[in-house]
$ cat protein22.txt   # compact mmCIF, C-alpha atoms
# COMPACT_ATOMS: atom_id res chain seq x y z
CA MET A 1 0.00 0.00 0.00
CA ASN A 2 1.47 3.41 -0.95
CA SER A 3 2.05 6.11 1.69
CA GLY A 4 -0.58 8.47 0.23
CA LEU A 5 -3.33 5.87 0.58
CA ARG A 6 -2.26 5.02 4.13
CA ARG A 7 -2.36 8.70 5.05
CA ARG A 8 -5.87 9.15 3.61
CA GLU A 9 -7.12 6.12 5.56
CA PHE A 10 -5.54 7.45 8.75
CA LEU A 11 -7.19 10.88 8.31
CA LEU A 12 -10.57 9.32 7.54
CA GLY A 13 -10.34 7.23 10.69
CA CYS A 14 -9.48 10.28 12.79
CA GLY A 15 -12.44 12.16 11.31
CA SER A 16 -14.80 9.33 12.20
CA LEU A 17 -13.55 9.28 15.79
CA ALA A 18 -13.95 13.04 16.15
CA ALA A 19 -17.50 12.98 14.79
CA GLY A 20 -18.41 10.07 17.04
CA ALA A 21 -17.22 11.97 20.11
CA LEU A 22 -19.96 14.57 19.55
CA LEU A 23 -22.76 12.08 19.09
CA PRO A 24 -25.14 11.29 21.98
CA CYS A 25 -24.70 8.03 23.86
CA ALA A 26 -26.12 4.86 22.37
CA PRO A 27 -29.80 4.22 23.16
CA ALA A 28 -30.86 1.79 25.85
CA ASP A 29 -31.10 -1.28 23.62
CA SER A 30 -27.40 -1.03 22.67
CA ALA A 31 -25.15 -3.85 23.77
CA ASP A 32 -22.82 -1.56 25.76
CA VAL A 33 -25.46 -0.01 28.04
CA LYS A 34 -24.20 0.63 31.57
CA ASP A 35 -26.45 0.95 34.59
CA ASP A 36 -24.34 3.55 36.36
CA LEU A 37 -26.60 6.54 35.67
CA ARG A 38 -29.07 7.18 38.49
CA ILE A 39 -31.83 9.79 38.30
CA GLN A 40 -33.71 11.30 41.23
CA ARG A 41 -36.85 13.37 40.96
CA LEU A 42 -36.65 16.59 42.97
CA ALA A 43 -39.42 19.04 43.81
CA TRP A 44 -41.64 20.48 41.08
CA ALA A 45 -39.73 20.19 37.76
CA GLY A 46 -36.30 19.37 39.15
CA ILE A 47 -34.21 16.24 38.64
CA ARG A 48 -30.72 15.04 39.64
CA LEU A 49 -28.61 12.87 37.32
CA GLN A 50 -25.91 11.01 39.21
CA LEU A 51 -22.79 9.26 37.98
CA LEU A 52 -20.10 7.85 40.22
CA GLN A 53 -18.00 11.03 40.08
CA ALA A 54 -20.30 13.62 38.53
CA THR A 55 -23.67 15.25 39.25
CA LEU A 56 -25.99 17.18 36.97
CA PHE A 57 -29.13 18.99 38.11
CA ILE A 58 -31.91 20.35 35.92
CA ASP A 59 -34.23 23.04 37.35
CA PRO A 60 -33.55 22.25 41.04
CA LEU A 61 -35.94 24.02 43.45
CA ILE A 62 -35.49 24.43 47.20
CA ASN A 63 -36.92 27.93 47.73
CA PRO A 64 -40.26 27.66 49.57
CA ASP A 65 -41.19 31.15 48.40
CA ALA A 66 -41.42 30.05 44.76
CA TRP A 67 -44.91 28.64 45.26
CA GLY A 68 -45.53 29.02 48.98
CA ALA A 69 -48.21 26.77 50.44
CA SER A 70 -49.62 26.06 46.96
CA LEU A 71 -46.93 23.43 46.31
CA LYS A 72 -47.04 20.43 48.63
CA ASP A 73 -43.86 18.79 47.30
CA PRO A 74 -41.11 18.27 49.88
CA LEU A 75 -38.09 20.36 48.89
CA ILE A 76 -35.15 18.00 48.38
CA PRO A 77 -31.71 19.37 49.39
CA VAL A 78 -29.11 19.65 46.62
CA ASP A 79 -26.02 20.55 48.67
CA ASP A 80 -24.62 17.01 48.56
CA ALA A 81 -23.43 16.88 44.93
CA VAL A 82 -20.69 14.35 44.17
CA GLY A 83 -17.75 15.08 41.88
CA ASP A 84 -17.90 17.50 38.94
CA THR A 85 -21.18 19.38 39.23
CA TYR A 86 -23.42 21.11 36.73
CA VAL A 87 -26.74 22.93 37.08
CA LEU A 88 -28.83 23.29 33.93
CA ILE A 89 -31.93 25.45 33.73
CA THR A 90 -34.64 25.43 31.11
CA HIS A 91 -35.50 29.12 31.64
CA ALA A 92 -35.10 31.93 34.12
CA HIS A 93 -38.49 31.92 35.88
CA PRO A 94 -37.98 31.62 39.67
CA ASP A 95 -39.58 28.15 39.92
CA HIS A 96 -37.01 26.85 37.39
CA PHE A 97 -33.99 29.02 38.16
CA ASP A 98 -33.75 29.00 41.95
CA ALA A 99 -30.58 30.96 42.78
CA LYS A 100 -30.33 29.39 46.24
CA ALA A 101 -30.57 25.86 44.82
CA ALA A 102 -27.92 26.69 42.23
CA ALA A 103 -25.63 28.13 44.91
CA ASP A 104 -26.07 25.08 47.15
CA ALA A 105 -25.46 22.63 44.31
CA LEU A 106 -22.41 24.54 43.04
CA SER A 107 -20.91 25.39 46.43
CA LYS A 108 -17.70 23.54 45.45
CA GLY A 109 -17.61 25.03 41.96
CA GLY A 110 -18.95 23.87 38.64
CA ALA A 111 -21.03 25.37 35.86
CA LEU A 112 -24.45 26.99 35.59
CA VAL A 113 -25.60 26.15 32.06
CA HIS A 114 -28.43 28.27 30.72
CA PRO A 115 -30.16 28.96 27.40
CA ALA A 116 -28.38 31.49 25.22
CA GLY A 117 -30.27 34.76 25.40
CA THR A 118 -31.05 34.46 29.10
CA ASN A 119 -29.01 35.97 31.92
CA PRO A 120 -29.81 34.16 35.17
CA LEU A 121 -28.42 36.09 38.13
CA PRO A 122 -26.75 35.79 40.51
CA VAL A 123 -24.23 33.24 39.26
CA PRO A 124 -23.08 31.22 42.29
CA ARG A 125 -19.72 32.30 43.71
CA GLY A 126 -16.93 30.09 42.44
CA ALA A 127 -19.04 28.76 39.55
CA ARG A 128 -18.99 29.78 35.92
CA ALA A 129 -21.94 30.65 33.70
CA ARG A 130 -22.12 28.83 30.39
CA PRO A 131 -24.69 29.82 27.74
CA ALA A 132 -25.92 27.04 25.48
CA ALA A 133 -27.15 27.64 21.93
CA LEU A 134 -29.88 25.47 20.45
CA TRP A 135 -28.77 22.18 18.90
CA GLU A 136 -25.12 22.58 20.00
CA PRO A 137 -23.90 19.72 22.25
CA GLN A 138 -22.30 20.84 25.50
CA LEU A 139 -19.59 18.45 26.71
CA LEU A 140 -19.91 18.56 30.50
CA GLY A 141 -17.40 16.02 31.74
CA ASP A 142 -19.12 12.64 31.50
CA PHE A 143 -22.42 14.25 30.45
CA THR A 144 -23.43 15.54 27.03
CA ALA A 145 -26.21 18.12 27.16
CA THR A 146 -27.99 19.64 24.17
CA ALA A 147 -30.50 22.48 24.37
CA VAL A 148 -33.46 21.92 22.04
CA PRO A 149 -36.47 24.11 21.28
CA ALA A 150 -39.31 24.58 23.75
CA SER A 151 -42.22 27.01 23.93
CA ASP A 152 -42.86 29.09 27.03
CA GLY A 153 -46.35 30.04 28.11
CA TYR A 154 -45.30 33.67 28.44
CA GLY A 155 -43.18 33.73 25.28
CA ASP A 156 -39.95 34.05 27.29
CA PRO A 157 -36.77 32.22 26.16
CA GLN A 158 -36.90 28.56 27.15
CA VAL A 159 -35.28 25.28 26.10
CA SER A 160 -35.68 21.61 26.81
CA TRP A 161 -32.64 19.44 27.47
CA VAL A 162 -31.39 16.23 25.92
CA ILE A 163 -28.88 14.54 28.23
CA SER A 164 -26.70 11.55 27.40
CA ALA A 165 -24.65 9.77 30.06
CA GLY A 166 -23.86 6.29 31.28
CA GLY A 167 -25.22 4.67 28.14
CA ARG A 168 -28.64 6.32 28.53
CA ARG A 169 -30.44 9.25 26.97
CA ILE A 170 -33.15 11.31 28.65
CA PHE A 171 -35.32 14.30 27.75
CA HIS A 172 -36.33 17.06 30.18
CA GLY A 173 -39.12 19.36 29.07
CA GLY A 174 -39.11 22.12 31.72
CA ASP A 175 -42.63 23.55 31.54
CA THR A 176 -42.99 23.68 27.77
CA LEU A 177 -46.32 23.74 26.02
CA TRP A 178 -47.09 21.99 22.73
CA HIS A 179 -44.98 23.01 19.72
CA GLY A 180 -43.89 21.76 16.32
CA HIS A 181 -40.31 20.79 17.10
CA TRP A 182 -41.07 17.38 18.65
CA TRP A 183 -40.58 15.52 15.36
CA ARG A 184 -37.15 17.00 14.68
CA ILE A 185 -36.00 16.34 18.25
CA GLY A 186 -37.22 12.76 18.01
CA ARG A 187 -35.48 12.19 14.67
CA GLN A 188 -32.25 13.81 15.84
CA PHE A 189 -31.94 12.22 19.29
CA GLY A 190 -34.55 9.50 19.83
CA PRO A 191 -35.26 7.01 21.14
CA PHE A 192 -35.09 8.08 24.80
CA ASP A 193 -34.90 5.89 27.86
CA ALA A 194 -37.15 8.37 29.68
CA ALA A 195 -38.90 11.67 29.02
CA PHE A 196 -39.49 13.96 32.00
CA LEU A 197 -42.46 16.00 30.85
CA PRO A 198 -44.73 18.62 32.46
CA VAL A 199 -48.30 17.40 32.68
CA ASN A 200 -50.45 19.89 34.57
CA GLY A 201 -51.95 21.75 31.60
CA ALA A 202 -52.05 24.90 33.70
CA ARG A 203 -54.12 27.90 32.74
CA PHE A 204 -52.94 31.17 34.25
CA GLY A 205 -54.52 34.55 34.66
CA TRP A 206 -51.46 36.70 35.30
CA ARG A 207 -51.23 37.85 31.69
CA LYS A 208 -54.10 39.91 30.39
CA PRO A 209 -56.30 39.40 28.50
CA VAL A 210 -56.62 35.83 29.76
CA SER A 211 -56.45 33.17 27.02
CA ASP A 212 -58.18 30.32 28.93
CA LEU A 213 -55.81 27.98 27.05
CA PRO A 214 -53.19 25.74 28.67
CA GLY A 215 -49.75 27.31 28.99
CA VAL A 216 -48.13 23.95 29.82
CA LEU A 217 -48.47 20.48 28.26
CA THR A 218 -51.69 18.72 29.19
CA PRO A 219 -51.44 15.03 30.15
CA GLU A 220 -52.67 14.00 26.71
CA GLN A 221 -50.18 16.30 24.98
CA ALA A 222 -47.37 14.90 27.13
CA VAL A 223 -48.23 11.40 25.93
CA ALA A 224 -48.27 12.58 22.31
CA ALA A 225 -44.89 14.26 22.78
CA ALA A 226 -43.42 11.12 24.38
CA ILE A 227 -44.60 8.96 21.50
CA ILE A 228 -43.09 11.31 18.91
CA LEU A 229 -39.82 11.46 20.86
CA GLY A 230 -39.63 7.67 20.97
CA ALA A 231 -39.58 7.63 24.78
CA ARG A 232 -39.73 4.24 26.45
CA ARG A 233 -41.39 5.78 29.48
CA VAL A 234 -42.75 9.13 30.57
CA ILE A 235 -42.02 10.47 34.05
CA PRO A 236 -44.37 13.32 34.98
CA ILE A 237 -43.02 16.55 36.46
CA HIS A 238 -44.38 20.05 37.04
CA TYR A 239 -47.68 19.31 38.76
CA GLY A 240 -49.15 19.54 42.24
CA ILE A 241 -50.19 23.20 42.62
CA SER A 242 -53.49 23.90 44.36
CA GLY A 243 -55.30 26.82 45.94
CA THR A 244 -54.02 29.48 43.53
CA ALA A 245 -56.76 31.33 41.66
CA GLU A 246 -54.44 32.67 38.96
CA TYR A 247 -52.80 29.29 38.22
CA VAL A 248 -55.15 26.37 37.76
CA GLU A 249 -54.08 22.82 36.85
CA VAL A 250 -56.21 20.24 35.11
CA GLU A 251 -57.97 17.90 37.49
CA ASP A 252 -56.17 14.63 38.27
CA PRO A 253 -53.22 15.15 35.89
CA ILE A 254 -51.62 11.79 36.79
CA GLY A 255 -54.86 9.87 36.31
CA ARG A 256 -55.38 11.49 32.93
CA LEU A 257 -51.77 10.80 31.99
CA ARG A 258 -52.10 7.10 32.83
CA SER A 259 -55.36 6.84 30.89
CA ALA A 260 -53.88 8.46 27.78
CA ALA A 261 -50.68 6.40 28.06
CA ARG A 262 -52.59 3.09 28.26
CA GLU A 263 -54.12 3.78 24.87
CA LYS A 264 -50.61 4.12 23.40
CA SER A 265 -48.96 1.29 25.39
CA LEU A 266 -46.61 3.86 26.94
CA GLU A 267 -45.12 3.23 30.38
CA VAL A 268 -45.72 5.85 33.07
CA GLU A 269 -43.44 6.02 36.11
CA SER A 270 -44.82 8.49 38.62
CA LEU A 271 -42.18 9.40 41.22
CA ALA A 272 -42.55 11.25 44.49
CA PRO A 273 -39.93 13.95 45.09
CA GLY A 274 -36.83 12.24 46.45
CA ALA A 275 -37.47 8.92 44.69
CA TRP A 276 -35.09 7.42 42.12
CA VAL A 277 -35.89 6.06 38.67
CA LYS A 278 -35.94 2.27 38.46
CA TRP A 279 -34.35 1.17 35.19
$ encode --input "protein22.txt" --output "structure tokens"
Amino acid sequence: MNSGLRRREFLLGCGSLAAGALLPCAPADSADVKDDLRIQRLAWAGIRLQLLQATLFIDPLINPDAWGASLKDPLIPVDDAVGDTYVLITHAHPDHFDAKAAADALSKGGALVHPAGTNPLPVPRGARARPAALWEPQLLGDFTATAVPASDGYGDPQVSWVISAGGRRIFHGGDTLWHGHWWRIGRQFGPFDAAFLPVNGARFGWRKPVSDLPGVLTPEQAVAAAIILGARRVIPIHYGISGTAEYVEVEDPIGRLRSAAREKSLEVESLAPGAWVKW
């Protein structure tokens, strides 16, 4: 074999390795799946992704003033992060960007990763802020996180997150409402081991004139989104508010979710705050 041909083969091989490094982890039915990724549901829309030496939080909430007595969820502490630590937020509303939760989680340093175009303040002391543009993978140690489109009920900047780690891929929807990007996200990143989706279909009266339309996914819309994404299971988040006249959830969101999911043969895993996903 001549030297020119060997050089071309070498460069092609290097290119393939570089491209592969930016791809998400293999889906759950791959032969090299590892069971070392653990996921804990936190209060409201928050979750913790745990590897042996790395921790990633999405939308952690510990501030009781965010919802007051209207939210009955126990607030799970986040000051016990292990290893390299990252806090991702879907948007800057105070029930999704809790500055105290971010400071507790990043007390030993780390990164606050936020959608490009938002400016969540204050950034925890000793941590660094890292804006994330849509569709651009963020290499966060042993995690790969990609911001994908979402639609906010107020029209404020918001993303959802695709996270790959430990041989698994998950989707976190923040408090998005229905939009037209589900198909592209599913084609680009699916299938998912789990989709954490808001389900309370809330109607709010803070913006005038009032629309009387849901500003968050309804249970039925969450099931439709999960099917399009290719999710093996849906884990409901962002529900449990009561007694607030200006923010009204659908009745029995989990019951409605289970009913809609049965029709599509989709698994529902409803977790109390503090519980861990069972793979």
$ atom_distance --input "protein22.txt" --atom1 "atom CA of A:Leu56" --atom2 "atom CA of A:Gly201"
26.9 Å
$ closest_residue --input "protein22.txt" --among "A:Asp252, A:Ser265, A:Gly173, A:Ser160" --to "A:Ala222" --atoms "all atoms listed in the file"
A:Gly173
$ closest_atom_pairs --input "protein22.txt" --of "stretch 185-204 of chain A" --to "stretch 37-42 of chain A" --cutoff "12 Å" --atoms "all atoms listed in the file" --output "JSON lines"
{"residue": "A:Asp193", "atom": "CA", "partner": "A:Leu37", "partner_atom": "CA", "distance": 11.4}
{"residue": "A:Ala194", "atom": "CA", "partner": "A:Ile39", "partner_atom": "CA", "distance": 10.2}
{"residue": "A:Ala195", "atom": "CA", "partner": "A:Ile39", "partner_atom": "CA", "distance": 11.8}
{"residue": "A:Phe196", "atom": "CA", "partner": "A:Arg41", "partner_atom": "CA", "distance": 9.4}
{"residue": "A:Leu197", "atom": "CA", "partner": "A:Arg41", "partner_atom": "CA", "distance": 11.9}
$ atom_distance --input "protein22.txt" --atom1 "atom CA of A:Pro253" --atom2 "atom CA of A:Gly240"
8.7 Å
$ closest_residue --input "protein22.txt" --among "A:Pro198, A:Pro149, A:Pro214, A:Gly186" --to "A:Ile228" --atoms "all atoms listed in the file"
A:Gly186
$ closest_residue --input "protein22.txt" --among "A:Arg232, A:Ala129, A:Ser70, A:Gln188" --to "A:Glu249" --atoms "only C-alpha atoms"
A:Ser70
$ closest_residue --input "protein22.txt" --among "A:Val223, A:Ile62, A:Lys278, A:Phe57" --to "A:Ile163" --atoms "all atoms listed in the file"
A:Phe57
$ closest_atom_pairs --input "protein22.txt" --of "stretch 103-164 of chain A" --to "stretch 74-85 of chain A" --cutoff "8 Å" --atoms "only C-alpha atoms" --output "Markdown table"
| residue | atom | partner | partner_atom | distance |
| --- | --- | --- | --- | --- |
| A:Asp104 | CA | A:Asp79 | CA | 4.8 |
| A:Ala105 | CA | A:Asp79 | CA | 4.9 |
| A:Leu106 | CA | A:Thr85 | CA | 6.5 |
| A:Ser107 | CA | A:Asp79 | CA | 7.4 |
| A:Gly109 | CA | A:Thr85 | CA | 7.2 |
| A:Gly110 | CA | A:Thr85 | CA | 5.0 |
| A:Ala111 | CA | A:Thr85 | CA | 6.9 |
| A:Gly141 | CA | A:Asp84 | CA | 7.4 |
$ atom_distance --input "protein22.txt" --atom1 "atom CA of A:Gly230" --atom2 "atom CA of A:Ala45"
20.9 Å
$ residues_around --input "protein22.txt" --residues "A:Phe189" --least-positions-apart "2" --cutoff "9 Å" --atoms "only C-alpha atoms" --output "ChimeraX atom specification"
/A:24,162,169,184-187,191-192,229
$ closest_residue --input "protein22.txt" --among "A:Trp67, A:Phe97, A:Phe143, A:Trp178" --to "A:Thr55" --atoms "only C-alpha atoms"
A:Phe143
$ closest_residue --input "protein22.txt" --among "A:Trp183, A:Trp276, A:Phe204, A:Tyr239" --to "A:Arg48" --atoms "only C-alpha atoms"
A:Trp276
$ decode --input "protein22.txt" --residues "stretch 106-185 of chain A" --atoms "C-alpha atoms" --output "PDB file, in the first residue's frame"
ATOM      1  CA  LEU A 106     -22.412  24.538  43.035  1.00  0.00           C
ATOM      2  CA  SER A 107     -20.905  25.390  46.428  1.00  0.00           C
ATOM      3  CA  LYS A 108     -17.703  23.542  45.447  1.00  0.00           C
ATOM      4  CA  GLY A 109     -17.608  25.026  41.958  1.00  0.00           C
ATOM      5  CA  GLY A 110     -18.953  23.873  38.635  1.00  0.00           C
ATOM      6  CA  ALA A 111     -21.028  25.374  35.858  1.00  0.00           C
ATOM      7  CA  LEU A 112     -24.452  26.990  35.595  1.00  0.00           C
ATOM      8  CA  VAL A 113     -25.603  26.145  32.063  1.00  0.00           C
ATOM      9  CA  HIS A 114     -28.432  28.272  30.716  1.00  0.00           C
ATOM     10  CA  PRO A 115     -30.160  28.962  27.396  1.00  0.00           C
ATOM     11  CA  ALA A 116     -28.379  31.490  25.217  1.00  0.00           C
ATOM     12  CA  GLY A 117     -30.273  34.763  25.397  1.00  0.00           C
ATOM     13  CA  THR A 118     -31.051  34.456  29.099  1.00  0.00           C
ATOM     14  CA  ASN A 119     -29.014  35.968  31.924  1.00  0.00           C
ATOM     15  CA  PRO A 120     -29.808  34.157  35.173  1.00  0.00           C
ATOM     16  CA  LEU A 121     -28.417  36.087  38.133  1.00  0.00           C
ATOM     17  CA  PRO A 122     -26.747  35.793  40.507  1.00  0.00           C
ATOM     18  CA  VAL A 123     -24.230  33.239  39.264  1.00  0.00           C
ATOM     19  CA  PRO A 124     -23.077  31.219  42.295  1.00  0.00           C
ATOM     20  CA  ARG A 125     -19.725  32.304  43.709  1.00  0.00           C
ATOM     21  CA  GLY A 126     -16.925  30.091  42.440  1.00  0.00           C
ATOM     22  CA  ALA A 127     -19.040  28.759  39.555  1.00  0.00           C
ATOM     23  CA  ARG A 128     -18.994  29.778  35.922  1.00  0.00           C
ATOM     24  CA  ALA A 129     -21.938  30.648  33.699  1.00  0.00           C
ATOM     25  CA  ARG A 130     -22.117  28.828  30.393  1.00  0.00           C
ATOM     26  CA  PRO A 131     -24.689  29.823  27.736  1.00  0.00           C
ATOM     27  CA  ALA A 132     -25.925  27.042  25.476  1.00  0.00           C
ATOM     28  CA  ALA A 133     -27.150  27.638  21.932  1.00  0.00           C
ATOM     29  CA  LEU A 134     -29.879  25.468  20.452  1.00  0.00           C
ATOM     30  CA  TRP A 135     -28.766  22.178  18.897  1.00  0.00           C
ATOM     31  CA  GLU A 136     -25.118  22.579  19.999  1.00  0.00           C
ATOM     32  CA  PRO A 137     -23.898  19.716  22.251  1.00  0.00           C
ATOM     33  CA  GLN A 138     -22.297  20.843  25.505  1.00  0.00           C
ATOM     34  CA  LEU A 139     -19.595  18.448  26.714  1.00  0.00           C
ATOM     35  CA  LEU A 140     -19.905  18.562  30.499  1.00  0.00           C
ATOM     36  CA  GLY A 141     -17.402  16.019  31.737  1.00  0.00           C
ATOM     37  CA  ASP A 142     -19.118  12.635  31.498  1.00  0.00           C
ATOM     38  CA  PHE A 143     -22.422  14.252  30.455  1.00  0.00           C
ATOM     39  CA  THR A 144     -23.426  15.542  27.030  1.00  0.00           C
ATOM     40  CA  ALA A 145     -26.215  18.122  27.165  1.00  0.00           C
ATOM     41  CA  THR A 146     -27.989  19.639  24.171  1.00  0.00           C
ATOM     42  CA  ALA A 147     -30.496  22.477  24.371  1.00  0.00           C
ATOM     43  CA  VAL A 148     -33.457  21.918  22.044  1.00  0.00           C
ATOM     44  CA  PRO A 149     -36.473  24.113  21.283  1.00  0.00           C
ATOM     45  CA  ALA A 150     -39.311  24.580  23.746  1.00  0.00           C
ATOM     46  CA  SER A 151     -42.216  27.010  23.929  1.00  0.00           C
ATOM     47  CA  ASP A 152     -42.858  29.091  27.026  1.00  0.00           C
ATOM     48  CA  GLY A 153     -46.350  30.039  28.110  1.00  0.00           C
ATOM     49  CA  TYR A 154     -45.296  33.674  28.440  1.00  0.00           C
ATOM     50  CA  GLY A 155     -43.179  33.728  25.284  1.00  0.00           C
ATOM     51  CA  ASP A 156     -39.953  34.047  27.287  1.00  0.00           C
ATOM     52  CA  PRO A 157     -36.772  32.223  26.156  1.00  0.00           C
ATOM     53  CA  GLN A 158     -36.898  28.564  27.150  1.00  0.00           C
ATOM     54  CA  VAL A 159     -35.282  25.283  26.101  1.00  0.00           C
ATOM     55  CA  SER A 160     -35.684  21.605  26.809  1.00  0.00           C
ATOM     56  CA  TRP A 161     -32.643  19.445  27.474  1.00  0.00           C
ATOM     57  CA  VAL A 162     -31.393  16.228  25.923  1.00  0.00           C
ATOM     58  CA  ILE A 163     -28.880  14.542  28.228  1.00  0.00           C
ATOM     59  CA  SER A 164     -26.696  11.553  27.401  1.00  0.00           C
ATOM     60  CA  ALA A 165     -24.646   9.774  30.057  1.00  0.00           C
ATOM     61  CA  GLY A 166     -23.856   6.290  31.283  1.00  0.00           C
ATOM     62  CA  GLY A 167     -25.224   4.671  28.139  1.00  0.00           C
ATOM     63  CA  ARG A 168     -28.644   6.315  28.531  1.00  0.00           C
ATOM     64  CA  ARG A 169     -30.439   9.247  26.972  1.00  0.00           C
ATOM     65  CA  ILE A 170     -33.148  11.312  28.654  1.00  0.00           C
ATOM     66  CA  PHE A 171     -35.318  14.296  27.750  1.00  0.00           C
ATOM     67  CA  HIS A 172     -36.334  17.058  30.180  1.00  0.00           C
ATOM     68  CA  GLY A 173     -39.119  19.362  29.071  1.00  0.00           C
ATOM     69  CA  GLY A 174     -39.109  22.117  31.725  1.00  0.00           C
ATOM     70  CA  ASP A 175     -42.625  23.553  31.538  1.00  0.00           C
ATOM     71  CA  THR A 176     -42.991  23.679  27.771  1.00  0.00           C
ATOM     72  CA  LEU A 177     -46.321  23.740  26.020  1.00  0.00           C
ATOM     73  CA  TRP A 178     -47.092  21.987  22.730  1.00  0.00           C
ATOM     74  CA  HIS A 179     -44.982  23.010  19.724  1.00  0.00           C
ATOM     75  CA  GLY A 180     -43.895  21.760  16.324  1.00  0.00           C
ATOM     76  CA  HIS A 181     -40.308  20.789  17.100  1.00  0.00           C
ATOM     77  CA  TRP A 182     -41.074  17.376  18.649  1.00  0.00           C
ATOM     78  CA  TRP A 183     -40.580  15.518  15.363  1.00  0.00           C
ATOM     79  CA  ARG A 184     -37.150  17.004  14.675  1.00  0.00           C
ATOM     80  CA  ILE A 185     -35.996  16.342  18.255  1.00  0.00           C
TER      81      ILE A 185
END
